[in-house]
file model-v4.txt (compact mmCIF, C-alpha atoms)
# COMPACT_ATOMS: atom_id res chain seq x y z
CA MET U 210 -4.68 15.71 -9.15
CA ASP U 211 -2.86 12.60 -10.40
CA ILE U 212 -4.41 9.17 -9.87
CA LEU U 213 -1.93 7.77 -7.36
CA THR U 214 -2.26 10.87 -5.17
CA ARG U 215 -6.05 10.53 -5.24
CA LEU U 216 -5.90 6.85 -4.26
CA ILE U 217 -3.48 7.55 -1.41
CA GLN U 218 -5.59 10.45 -0.17
CA MET U 219 -8.70 8.24 -0.08
CA ALA U 220 -6.82 5.46 1.72
CA ARG U 221 -5.52 7.92 4.35
CA PRO U 222 -2.57 5.70 5.33
CA GLN U 223 -1.12 6.65 8.70
CA ALA U 224 2.48 5.56 9.21
CA SER U 225 3.74 4.14 12.49
CA VAL U 226 7.37 3.16 13.00
CA ASP U 227 7.34 0.23 15.41
CA LEU U 228 10.88 -0.99 15.96
CA ARG U 229 14.37 -1.34 14.59
CA CYS U 230 16.03 -4.70 13.95
CA GLN U 231 19.81 -5.11 13.98
CA LEU U 232 20.69 -8.64 12.98
CA SER U 233 23.80 -10.80 12.64
CA GLY U 234 24.51 -14.46 12.00
CA ALA U 235 21.66 -16.93 11.52
CA TYR U 236 18.19 -15.69 12.45
CA ARG U 237 14.54 -16.40 11.78
CA ILE U 238 11.97 -13.80 12.86
CA PRO U 239 8.32 -14.74 12.19
CA HIS U 240 5.52 -12.19 11.73
CA SER U 241 1.91 -13.30 12.04
CA ALA U 242 -0.91 -11.98 9.87
CA ALA U 243 -1.81 -8.36 10.55
CA PRO U 244 -5.42 -7.26 11.25
CA ASP U 245 -7.54 -5.80 8.45
CA GLY U 246 -6.50 -2.27 7.59
CA ILE U 247 -2.89 -2.78 8.72
CA ALA U 248 -0.07 -3.01 6.15
CA PRO U 249 3.33 -3.83 7.72
CA PHE U 250 6.51 -2.63 6.06
CA HIS U 251 10.26 -3.13 6.36
CA LEU U 252 12.93 -0.74 5.09
CA VAL U 253 16.42 -2.19 4.70
CA LEU U 254 18.79 0.48 5.99
CA ARG U 255 21.88 -1.68 5.64
CA GLY U 256 22.86 -5.16 4.44
CA SER U 257 20.54 -7.74 2.90
CA CYS U 258 18.11 -10.39 4.12
CA ARG U 259 15.36 -12.64 2.88
CA PHE U 260 11.60 -12.68 3.41
CA GLU U 261 9.76 -15.98 3.43
CA THR U 262 6.23 -15.33 2.21
CA ALA U 263 3.23 -17.17 0.82
CA ARG U 264 4.51 -16.27 -2.64
CA GLY U 265 8.00 -17.62 -2.01
CA LEU U 266 11.33 -16.13 -0.95
CA LEU U 267 12.25 -12.51 -1.56
CA THR U 268 15.74 -11.08 -1.20
CA ALA U 269 15.90 -7.44 -0.09
CA GLN U 270 19.03 -5.32 -0.13
CA GLU U 271 20.05 -1.96 1.28
CA GLY U 272 17.52 0.67 0.23
CA ASP U 273 14.73 -1.81 -0.54
CA PHE U 274 11.21 -1.28 0.77
CA VAL U 275 9.03 -4.33 1.46
CA LEU U 276 5.31 -3.76 2.02
CA PHE U 277 2.62 -6.29 2.96
CA PRO U 278 -0.55 -4.47 1.80
CA ARG U 279 -2.91 -7.11 3.17
CA GLY U 280 -0.82 -7.99 6.20
CA GLY U 281 0.43 -11.33 4.93
CA VAL U 282 2.26 -13.80 7.16
CA HIS U 283 6.03 -13.57 6.63
CA THR U 284 9.36 -14.43 8.20
CA VAL U 285 12.58 -12.42 8.08
CA LEU U 286 15.52 -14.73 7.37
CA ASP U 287 19.28 -14.40 7.09
CA ASP U 288 21.01 -14.88 3.75
CA GLY U 289 22.01 -18.43 4.59
CA ALA U 290 24.44 -17.88 7.46
CA PRO U 291 25.83 -21.13 8.96
CA GLY U 292 25.34 -22.16 12.56
CA ASP U 293 22.59 -22.20 15.14
CA LEU U 294 19.95 -19.49 15.25
CA ALA U 295 21.15 -16.40 17.08
CA VAL U 296 19.58 -15.42 20.37
CA THR U 297 17.18 -12.51 19.93
CA ARG U 298 17.04 -9.77 22.56
CA MET U 299 14.81 -6.72 22.93
CA ARG U 300 15.82 -3.38 24.37
CA TYR U 301 15.11 0.32 23.85
CA ASP U 302 17.58 2.32 21.74
CA GLY U 303 16.41 5.78 22.83
CA MET U 304 13.95 6.21 19.97
CA LEU U 305 12.38 2.82 19.27
CA PRO U 306 12.32 -0.71 20.63
CA LEU U 307 15.39 -2.51 19.26
CA ARG U 308 15.46 -6.19 18.36
CA ARG U 309 19.04 -7.47 18.35
CA ALA U 310 19.94 -10.89 17.01
CA GLY U 311 23.44 -12.29 17.19
CA LYS U 312 26.71 -10.76 18.32
CA GLY U 313 29.46 -8.77 16.71
CA PRO U 314 29.10 -6.25 13.86
CA VAL U 315 25.56 -5.55 12.69
CA GLU U 316 25.05 -7.16 9.29
CA VAL U 317 21.44 -6.14 8.64
CA ASP U 318 19.65 -3.03 9.87
CA LEU U 319 15.86 -2.92 9.36
CA LEU U 320 13.34 -0.22 10.15
CA CYS U 321 9.97 -1.89 10.71
CA GLY U 322 6.54 -0.33 10.95
CA HIS U 323 3.07 -0.35 9.50
CA PHE U 324 0.48 1.76 7.72
CA GLU U 325 -3.07 1.87 9.01
CA HIS U 326 -5.47 2.71 6.21
CA ALA U 327 -9.14 3.58 6.07
CA GLY U 328 -11.47 0.61 5.73
CA GLY U 329 -13.36 0.91 2.46
CA PRO U 330 -11.50 3.77 0.75
CA GLY U 331 -8.17 2.06 1.38
CA GLU U 332 -9.24 -1.21 -0.20
CA LEU U 333 -9.14 0.18 -3.73
CA LEU U 334 -5.41 0.71 -3.37
CA PHE U 335 -4.15 -1.72 -0.74
CA ARG U 336 -6.27 -4.72 -1.75
CA SER U 337 -5.24 -4.29 -5.38
CA LEU U 338 -1.52 -4.49 -4.67
CA PRO U 339 0.62 -7.64 -4.65
CA ASP U 340 1.35 -8.99 -1.17
CA PRO U 341 4.25 -8.70 -0.66
CA LEU U 342 5.39 -5.71 -2.69
CA LEU U 343 9.13 -5.11 -2.97
CA ALA U 344 10.24 -1.76 -4.36
CA SER U 345 13.94 -1.38 -5.08
CA LEU U 346 14.83 2.21 -4.31
CA SER U 347 18.41 2.05 -5.53
CA GLU U 348 17.79 1.93 -9.29
CA GLY U 349 16.09 3.95 -11.96
CA SER U 350 15.67 7.64 -12.73
CA SER U 351 14.29 8.48 -9.27
CA ARG U 352 17.02 6.65 -7.35
CA VAL U 353 18.84 9.82 -6.24
CA LEU U 354 15.74 11.27 -4.60
CA LEU U 355 14.73 7.93 -3.08
CA GLN U 356 18.23 7.30 -1.76
CA ALA U 357 18.20 10.76 -0.19
CA VAL U 358 14.99 9.92 1.69
CA VAL U 359 16.37 6.56 2.85
CA LYS U 360 19.65 8.20 3.89
CA LEU U 361 17.80 10.82 5.92
CA ILE U 362 15.68 8.12 7.61
CA ARG U 363 18.84 6.18 8.46
CA GLU U 364 20.63 9.26 9.81
CA GLU U 365 17.67 10.34 11.93
CA ALA U 366 17.18 6.83 13.31
CA THR U 367 20.87 6.60 14.17
CA ALA U 368 21.50 10.09 15.59
CA GLN U 369 18.24 10.16 17.59
CA ARG U 370 18.15 13.91 17.90
CA PRO U 371 15.03 15.62 19.30
CA GLY U 372 12.08 15.05 16.95
CA ALA U 373 13.79 12.12 15.22
CA LEU U 374 10.84 9.76 15.54
CA ALA U 375 8.42 12.35 14.15
CA ILE U 376 10.73 12.93 11.18
CA VAL U 377 11.20 9.21 10.51
CA THR U 378 7.43 8.65 10.68
CA ALA U 379 6.71 11.51 8.26
CA LEU U 380 9.40 10.31 5.88
CA SER U 381 7.91 6.80 5.99
CA GLN U 382 4.67 8.31 4.71
CA THR U 383 6.60 9.96 1.88
CA LEU U 384 8.44 6.74 1.18
CA LEU U 385 5.16 4.86 0.65
CA ALA U 386 4.13 7.13 -2.23
CA MET U 387 7.59 7.02 -3.77
CA ALA U 388 7.81 3.24 -3.45
CA LEU U 389 4.39 2.74 -5.04
CA ARG U 390 5.35 4.99 -7.93
CA ARG U 391 8.66 3.15 -8.30
CA TYR U 392 7.00 -0.26 -8.26
CA GLY U 393 4.47 0.82 -10.88
CA GLU U 394 7.28 1.87 -13.19
CA ARG U 395 8.84 -1.60 -12.92
CA SER U 396 5.83 -3.92 -12.65
CA ASN U 397 7.24 -6.11 -15.45
CA GLY U 398 3.85 -7.16 -16.75
CA GLU U 399 2.41 -8.12 -13.35
CA ALA U 400 -1.28 -7.32 -13.14
CA ASN U 401 -2.08 -4.84 -10.35
CA ILE U 402 -3.43 -1.35 -9.89
CA LEU U 403 0.01 0.27 -10.16
CA ALA U 404 0.60 -1.29 -13.55
CA LEU U 405 -2.78 0.09 -14.61
CA LEU U 406 -1.85 3.61 -13.49
CA ALA U 407 1.53 3.40 -15.20
CA ASP U 408 -0.11 2.66 -18.56
CA ALA U 409 -0.40 6.07 -20.22
CA ARG U 410 -3.35 5.09 -22.41
CA LEU U 411 -5.36 3.31 -19.74
CA GLY U 412 -4.48 5.91 -17.12
CA ALA U 413 -6.48 8.58 -18.93
CA SER U 414 -9.66 6.53 -18.61
CA VAL U 415 -9.02 5.84 -14.92
CA GLN U 416 -8.52 9.56 -14.37
CA ALA U 417 -11.88 10.24 -16.02
CA LEU U 418 -13.63 7.64 -13.86
CA LEU U 419 -12.15 9.02 -10.64
CA LYS U 420 -13.03 12.58 -11.64
CA ASP U 421 -16.66 11.79 -12.45
CA PRO U 422 -17.71 8.45 -10.89
CA GLY U 423 -21.39 9.26 -11.32
CA HIS U 424 -21.21 9.38 -15.11
CA PRO U 425 -22.95 6.43 -16.82
CA TRP U 426 -19.68 5.01 -18.10
CA THR U 427 -19.53 2.24 -20.67
CA ILE U 428 -16.52 0.29 -21.86
CA GLU U 429 -16.84 2.03 -25.23
CA ALA U 430 -16.79 5.48 -23.62
CA LEU U 431 -13.78 4.68 -21.43
CA GLY U 432 -12.02 3.10 -24.41
CA GLU U 433 -12.27 6.40 -26.26
CA PHE U 434 -9.88 7.97 -23.71
CA ALA U 435 -7.34 5.30 -24.66
CA ALA U 436 -8.11 5.56 -28.40
CA MET U 437 -8.91 1.84 -28.40
CA SER U 438 -11.81 -0.33 -29.52
CA ARG U 439 -14.13 -1.81 -26.91
CA ALA U 440 -12.59 -5.28 -27.16
CA SER U 441 -8.98 -4.07 -27.20
CA TYR U 442 -9.57 -1.75 -24.26
CA ALA U 443 -11.31 -4.42 -22.16
CA ARG U 444 -8.57 -6.95 -22.88
CA ARG U 445 -5.69 -4.55 -22.17
CA PHE U 446 -7.40 -3.27 -19.01
CA ARG U 447 -7.80 -6.77 -17.58
CA GLU U 448 -4.21 -7.68 -18.43
CA ALA U 449 -2.91 -4.57 -16.67
CA ALA U 450 -5.26 -4.42 -13.67
CA GLY U 451 -5.97 -8.09 -13.03
CA MET U 452 -9.72 -7.33 -12.99
CA THR U 453 -12.40 -6.37 -15.47
CA VAL U 454 -13.37 -2.80 -16.23
CA PHE U 455 -16.68 -3.20 -14.38
CA GLU U 456 -15.02 -4.77 -11.35
CA PHE U 457 -12.68 -1.80 -11.15
CA MET U 458 -15.55 0.62 -11.72
CA THR U 459 -17.54 -0.91 -8.86
CA ARG U 460 -14.55 -0.88 -6.50
CA THR U 461 -13.83 2.72 -7.39
CA ARG U 462 -17.40 3.85 -6.80
CA MET U 463 -17.60 1.98 -3.48
CA ALA U 464 -14.25 3.44 -2.35
CA ILE U 465 -15.41 6.97 -3.16
CA ALA U 466 -18.75 6.33 -1.44
CA CYS U 467 -16.95 5.09 1.69
CA ASP U 468 -14.73 8.15 1.64
CA LEU U 469 -17.75 10.46 1.43
CA LEU U 470 -19.59 8.58 4.19
CA ARG U 471 -16.55 8.86 6.45
CA SER U 472 -15.53 12.44 5.75
CA THR U 473 -18.78 14.34 5.04
CA ARG U 474 -22.28 14.76 6.41
CA ARG U 475 -23.91 14.40 3.02
CA ASN U 476 -26.99 12.21 3.02
CA VAL U 477 -26.91 8.75 1.48
CA GLY U 478 -29.17 9.83 -1.39
CA ASP U 479 -26.72 12.50 -2.51
CA ILE U 480 -23.79 10.11 -2.24
CA CYS U 481 -25.49 7.39 -4.24
CA MET U 482 -26.08 9.85 -7.10
CA GLU U 483 -22.48 11.07 -6.80
CA VAL U 484 -21.15 7.58 -7.49
CA GLY U 485 -23.52 6.63 -10.28
CA TYR U 486 -26.54 4.91 -8.68
CA GLN U 487 -30.01 6.12 -9.52
CA SER U 488 -31.71 4.91 -6.34
CA GLU U 489 -30.75 4.43 -2.70
CA ALA U 490 -32.06 0.87 -2.88
CA ALA U 491 -29.71 -0.08 -5.72
CA PHE U 492 -26.83 1.67 -4.03
CA GLY U 493 -27.59 -0.01 -0.70
CA ARG U 494 -27.62 -3.46 -2.31
CA ALA U 495 -24.32 -2.85 -4.08
CA PHE U 496 -22.73 -1.35 -0.98
CA LYS U 497 -23.79 -4.25 1.25
CA GLN U 498 -22.53 -6.77 -1.27
CA HIS U 499 -19.15 -5.01 -1.36
CA MET U 500 -18.79 -3.94 2.28
CA ALA U 501 -21.00 -6.51 4.08
CA GLU U 502 -23.05 -3.74 5.74
CA MET U 503 -25.43 -0.96 4.73
CA PRO U 504 -24.16 2.60 4.12
CA GLY U 505 -25.72 3.94 7.31
CA GLN U 506 -24.18 1.16 9.37
CA TYR U 507 -20.80 1.83 7.85
CA ARG U 508 -21.04 5.55 8.60
CA ARG U 509 -22.07 4.98 12.21
CA ARG U 510 -19.29 2.45 12.76
CA GLN U 511 -16.66 4.75 11.30
CA LYS U 512 -17.84 7.66 13.42
CA GLY U 513 -18.17 5.49 16.52
CA THR U 514 -21.87 6.17 17.02
CA PRO U 515 -24.54 3.57 17.85

call {"tool": "encode", "arguments": {"input": "model-v4.txt", "output": "structure tokens"}}
result
Amino acid sequence: MDILTRLIQMARPQASVDLRCQLSGAYRIPHSAAPDGIAPFHLVLRGSCRFETARGLLTAQEGDFVLFPRGGVHTVLDDGAPGDLAVTRMRYDGMLPLRRAGKGPVEVDLLCGHFEHAGGPGELLFRSLPDPLLASLSEGSSRVLLQAVVKLIREEATAQRPGALAIVTALSQTLLAMALRRYGERSNGEANILALLADARLGASVQALLKDPGHPWTIEALGEFAAMSRASYARRFREAAGMTVFEFMTRTRMAIACDLLRSTRRNVGDICMEVGYQSEAAFGRAFKQHMAEMPGQYRRRQKGTP
């Protein structure tokens, strides 16, 4: 199993398509911060617009996918259209709520939704991504496949045949994986987990860690997978990932532990050995420091038991 697939499987992101926005003229649509575990997204089906974010302005064009992995505050803006802000109206288009701004021909068509991911396992992926993340789906070697997915989403959203919403939701799930892969290929030196996975030499060591988290890994041992010295490996890892090897190792082990606590009935002692801790006490301390609760508390909360 490749690394990105493993991270997505642990995160268990569930797509929900919330509404469609058809915009014209001058508009300004604010979005407040999303709750923990919610990652809003916008897919530009037609036209172009801007996103005002904590990191500055982003311009998104037809086929672009904009994800807010940590639910950051943002505002959807026009491209600088003159005049007063258009009146915004809400109605139902037969498949989704429709937000319409302005009059006349639709200049921008957005599909808006969110991914809800598992608390704990999802943090390794979603909390290691830039917020916002813009993946251009109209360039590169995979553009034909990506464009086909976007085209199908647009056609299903427009035609609104029976089952259209189910198809659009499923395709949004597919689009997430494709967009993350695309972004990793074009990270341009930005430190994040996708840049780490895209590095062929470092990726081998990450694969080994995910495959056997309980092994007593050292920087030297992981560096051997990359055919690099300890110092070179540690430096290159931090430049690519934006965190140290041990920070990533701890996050990985905690994410896997959370996944096992959520999805299995294995006892805490077995799980702590699985992720590289020799005693439940040491594991409990590390888990509480990372998750702000003990493993048993986390398991009960996730399963909804007192």

call {"tool": "residues_around", "arguments": {"input": "model-v4.txt", "residues": "U:Leu418", "least_positions_apart": "4", "cutoff": "12 Å", "atoms": "all atoms listed in the file", "output": "PyMOL selection string"}}
result
chain U and resi 212+215+411-414+422-428+430-432+434+454-455+457-462+465+483-485

call {"tool": "atom_distance", "arguments": {"input": "model-v4.txt", "atom1": "atom CA of U:Pro278", "atom2": "atom CA of U:Arg264"}}
result
13.6 Å

call {"tool": "atom_distance", "arguments": {"input": "model-v4.txt", "atom1": "atom CA of U:Phe250", "atom2": "atom CA of U:Asp211"}}
result
24.3 Å

call {"tool": "residues_around", "arguments": {"input": "model-v4.txt", "residues": "U:Glu399", "least_positions_apart": "2", "cutoff": "12 Å", "atoms": "only C-alpha atoms", "output": "PDB file with C-alpha atoms, in the coordinates of the input"}}
result
ATOM      1  CA  SER U 337      -5.240  -4.290  -5.380  1.00  0.00           C
ATOM      2  CA  LEU U 338      -1.520  -4.490  -4.670  1.00  0.00           C
ATOM      3  CA  PRO U 339       0.620  -7.640  -4.650  1.00  0.00           C
ATOM      4  CA  LEU U 342       5.390  -5.710  -2.690  1.00  0.00           C
ATOM      5  CA  TYR U 392       7.000  -0.260  -8.260  1.00  0.00           C
ATOM      6  CA  GLY U 393       4.470   0.820 -10.880  1.00  0.00           C
ATOM      7  CA  GLU U 394       7.280   1.870 -13.190  1.00  0.00           C
ATOM      8  CA  ARG U 395       8.840  -1.600 -12.920  1.00  0.00           C
ATOM      9  CA  SER U 396       5.830  -3.920 -12.650  1.00  0.00           C
ATOM     10  CA  ASN U 397       7.240  -6.110 -15.450  1.00  0.00           C
ATOM     11  CA  ASN U 401      -2.080  -4.840 -10.350  1.00  0.00           C
ATOM     12  CA  ILE U 402      -3.430  -1.350  -9.890  1.00  0.00           C
ATOM     13  CA  LEU U 403       0.010   0.270 -10.160  1.00  0.00           C
ATOM     14  CA  ALA U 404       0.600  -1.290 -13.550  1.00  0.00           C
ATOM     15  CA  LEU U 405      -2.780   0.090 -14.610  1.00  0.00           C
ATOM     16  CA  ALA U 407       1.530   3.400 -15.200  1.00  0.00           C
ATOM     17  CA  ARG U 447      -7.800  -6.770 -17.580  1.00  0.00           C
ATOM     18  CA  GLU U 448      -4.210  -7.680 -18.430  1.00  0.00           C
ATOM     19  CA  ALA U 449      -2.910  -4.570 -16.670  1.00  0.00           C
ATOM     20  CA  ALA U 450      -5.260  -4.420 -13.670  1.00  0.00           C
ATOM     21  CA  GLY U 451      -5.970  -8.090 -13.030  1.00  0.00           C
TER      22      GLY U 451
END

call {"tool": "residues_around", "arguments": {"input": "model-v4.txt", "residues": "U:Arg279", "least_positions_apart": "2", "cutoff": "6 Å", "atoms": "all atoms listed in the file", "output": "list in words"}}
result
Ala248, Phe277 and Gly281 of chain U

call {"tool": "write_last_selection", "arguments": {"input": "model-v4.txt", "atoms": "C-alpha atoms", "output": "PDB file, keeping the file's coordinate frame"}}
result
ATOM      1  CA  ALA U 248      -0.070  -3.010   6.150  1.00  0.00           C
ATOM      2  CA  PHE U 277       2.620  -6.290   2.960  1.00  0.00           C
ATOM      3  CA  GLY U 281       0.430 -11.330   4.930  1.00  0.00           C
TER       4      GLY U 281
END

call {"tool": "atom_distance", "arguments": {"input": "model-v4.txt", "atom1": "atom CA of U:Met304", "atom2": "atom CA of U:Leu252"}}
result
16.5 Å

call {"tool": "residues_around", "arguments": {"input": "model-v4.txt", "residues": "U:Gln498", "least_positions_apart": "5", "cutoff": "12 Å", "atoms": "all atoms listed in the file", "output": "VMD selection string"}}
result
chain U and resid 459 to 460 463 491 to 493 503 to 504

call {"tool": "residues_around", "arguments": {"input": "model-v4.txt", "residues": "U:Asp468", "least_positions_apart": "3", "cutoff": "12 Å", "atoms": "only C-alpha atoms", "output": "PDB file with C-alpha atoms, in the frame of the given file"}}
result
ATOM      1  CA  ARG U 215      -6.050  10.530  -5.240  1.00  0.00           C
ATOM      2  CA  LEU U 216      -5.900   6.850  -4.260  1.00  0.00           C
ATOM      3  CA  ILE U 217      -3.480   7.550  -1.410  1.00  0.00           C
ATOM      4  CA  GLN U 218      -5.590  10.450  -0.170  1.00  0.00           C
ATOM      5  CA  MET U 219      -8.700   8.240  -0.080  1.00  0.00           C
ATOM      6  CA  ALA U 220      -6.820   5.460   1.720  1.00  0.00           C
ATOM      7  CA  ARG U 221      -5.520   7.920   4.350  1.00  0.00           C
ATOM      8  CA  HIS U 326      -5.470   2.710   6.210  1.00  0.00           C
ATOM      9  CA  ALA U 327      -9.140   3.580   6.070  1.00  0.00           C
ATOM     10  CA  GLY U 328     -11.470   0.610   5.730  1.00  0.00           C
ATOM     11  CA  GLY U 329     -13.360   0.910   2.460  1.00  0.00           C
ATOM     12  CA  PRO U 330     -11.500   3.770   0.750  1.00  0.00           C
ATOM     13  CA  GLY U 331      -8.170   2.060   1.380  1.00  0.00           C
ATOM     14  CA  GLU U 332      -9.240  -1.210  -0.200  1.00  0.00           C
ATOM     15  CA  LEU U 333      -9.140   0.180  -3.730  1.00  0.00           C
ATOM     16  CA  THR U 461     -13.830   2.720  -7.390  1.00  0.00           C
ATOM     17  CA  ARG U 462     -17.400   3.850  -6.800  1.00  0.00           C
ATOM     18  CA  MET U 463     -17.600   1.980  -3.480  1.00  0.00           C
ATOM     19  CA  ALA U 464     -14.250   3.440  -2.350  1.00  0.00           C
ATOM     20  CA  ILE U 465     -15.410   6.970  -3.160  1.00  0.00           C
ATOM     21  CA  ARG U 471     -16.550   8.860   6.450  1.00  0.00           C
ATOM     22  CA  SER U 472     -15.530  12.440   5.750  1.00  0.00           C
ATOM     23  CA  THR U 473     -18.780  14.340   5.040  1.00  0.00           C
ATOM     24  CA  ARG U 474     -22.280  14.760   6.410  1.00  0.00           C
ATOM     25  CA  ARG U 475     -23.910  14.400   3.020  1.00  0.00           C
ATOM     26  CA  ILE U 480     -23.790  10.110  -2.240  1.00  0.00           C
ATOM     27  CA  GLU U 483     -22.480  11.070  -6.800  1.00  0.00           C
ATOM     28  CA  VAL U 484     -21.150   7.580  -7.490  1.00  0.00           C
ATOM     29  CA  PRO U 504     -24.160   2.600   4.120  1.00  0.00           C
ATOM     30  CA  TYR U 507     -20.800   1.830   7.850  1.00  0.00           C
ATOM     31  CA  ARG U 508     -21.040   5.550   8.600  1.00  0.00           C
ATOM     32  CA  GLN U 511     -16.660   4.750  11.300  1.00  0.00           C
TER      33      GLN U 511
END

call {"tool": "closest_residue", "arguments": {"input": "model-v4.txt", "among": "U:Asp302, U:Leu320, U:Ser345, U:Ala295", "to": "U:Leu267", "atoms": "only C-alpha atoms"}}
result
U:Ser345

call {"tool": "residues_near_point", "arguments": {"input": "model-v4.txt", "point": "(4.6, -23.3, 2.6)", "cutoff": "12 Å", "atoms": "all atoms listed in the file", "output": "list in words"}}
result
Glu261, Thr262, Ala263, Arg264, Gly265, Leu266, Val282, His283 and Thr284 of chain U

call {"tool": "closest_residue", "arguments": {"input": "model-v4.txt", "among": "U:Leu276, U:Met299, U:Leu406, U:Val477", "to": "U:Gln506", "atoms": "all atoms listed in the file"}}
result
U:Val477

call {"tool": "residues_near_point", "arguments": {"input": "model-v4.txt", "point": "(1.7, 0.4, 16.9)", "cutoff": "8 Å", "atoms": "all atoms listed in the file", "output": "PyMOL selection string"}}
result
chain U and resi 225-227+322-323

call {"tool": "closest_residue", "arguments": {"input": "model-v4.txt", "among": "U:Leu305, U:Ala379, U:Pro239, U:Val275", "to": "U:Ile362", "atoms": "all atoms listed in the file"}}
result
U:Ala379

call {"tool": "build_atoms", "arguments": {"input": "model-v4.txt", "residues": "stretch 383-398 of chain U", "atoms": "N, CA and C atoms", "output": "mmCIF file, keeping the file's coordinate frame"}}
result
data_model
loop_
_atom_site.group_PDB
_atom_site.id
_atom_site.type_symbol
_atom_site.label_atom_id
_atom_site.label_comp_id
_atom_site.auth_asym_id
_atom_site.auth_seq_id
_atom_site.Cartn_x
_atom_site.Cartn_y
_atom_site.Cartn_z
ATOM 1 N N THR U 383 6.097 9.544 3.187
ATOM 2 C CA THR U 383 6.600 9.960 1.880
ATOM 3 C C THR U 383 7.132 8.768 1.109
ATOM 4 N N LEU U 384 7.835 7.902 1.818
ATOM 5 C CA LEU U 384 8.440 6.740 1.180
ATOM 6 C C LEU U 384 7.387 5.831 0.572
ATOM 7 N N LEU U 385 6.226 5.707 1.190
ATOM 8 C CA LEU U 385 5.160 4.860 0.650
ATOM 9 C C LEU U 385 4.784 5.320 -0.754
ATOM 10 N N ALA U 386 4.522 6.618 -0.914
ATOM 11 C CA ALA U 386 4.130 7.130 -2.230
ATOM 12 C C ALA U 386 5.238 6.923 -3.252
ATOM 13 N N MET U 387 6.467 7.171 -2.847
ATOM 14 C CA MET U 387 7.590 7.020 -3.770
ATOM 15 C C MET U 387 7.798 5.566 -4.138
ATOM 16 N N ALA U 388 7.636 4.663 -3.170
ATOM 17 C CA ALA U 388 7.810 3.240 -3.450
ATOM 18 C C ALA U 388 6.717 2.721 -4.377
ATOM 19 N N LEU U 389 5.479 3.164 -4.165
ATOM 20 C CA LEU U 389 4.390 2.740 -5.040
ATOM 21 C C LEU U 389 4.621 3.237 -6.462
ATOM 22 N N ARG U 390 5.052 4.464 -6.599
ATOM 23 C CA ARG U 390 5.350 4.990 -7.930
ATOM 24 C C ARG U 390 6.480 4.194 -8.573
ATOM 25 N N ARG U 391 7.512 3.906 -7.791
ATOM 26 C CA ARG U 391 8.660 3.150 -8.300
ATOM 27 C C ARG U 391 8.243 1.755 -8.731
ATOM 28 N N TYR U 392 7.429 1.092 -7.924
ATOM 29 C CA TYR U 392 7.000 -0.260 -8.260
ATOM 30 C C TYR U 392 6.167 -0.260 -9.545
ATOM 31 N N GLY U 393 5.298 0.730 -9.688
ATOM 32 C CA GLY U 393 4.470 0.820 -10.880
ATOM 33 C C GLY U 393 5.295 0.978 -12.140
ATOM 34 N N GLU U 394 6.412 1.668 -12.027
ATOM 35 C CA GLU U 394 7.280 1.870 -13.190
ATOM 36 C C GLU U 394 7.986 0.582 -13.602
ATOM 37 N N ARG U 395 8.090 -0.372 -12.666
ATOM 38 C CA ARG U 395 8.840 -1.600 -12.920
ATOM 39 C C ARG U 395 7.996 -2.848 -12.656
ATOM 40 N N SER U 396 6.711 -2.793 -12.977
ATOM 41 C CA SER U 396 5.830 -3.920 -12.650
ATOM 42 C C SER U 396 6.091 -5.150 -13.511
ATOM 43 N N ASN U 397 6.818 -4.984 -14.620
ATOM 44 C CA ASN U 397 7.240 -6.110 -15.450
ATOM 45 C C ASN U 397 6.079 -7.016 -15.884
ATOM 46 N N GLY U 398 4.976 -6.391 -16.236
ATOM 47 C CA GLY U 398 3.850 -7.160 -16.750
ATOM 48 C C GLY U 398 2.951 -7.760 -15.696
#
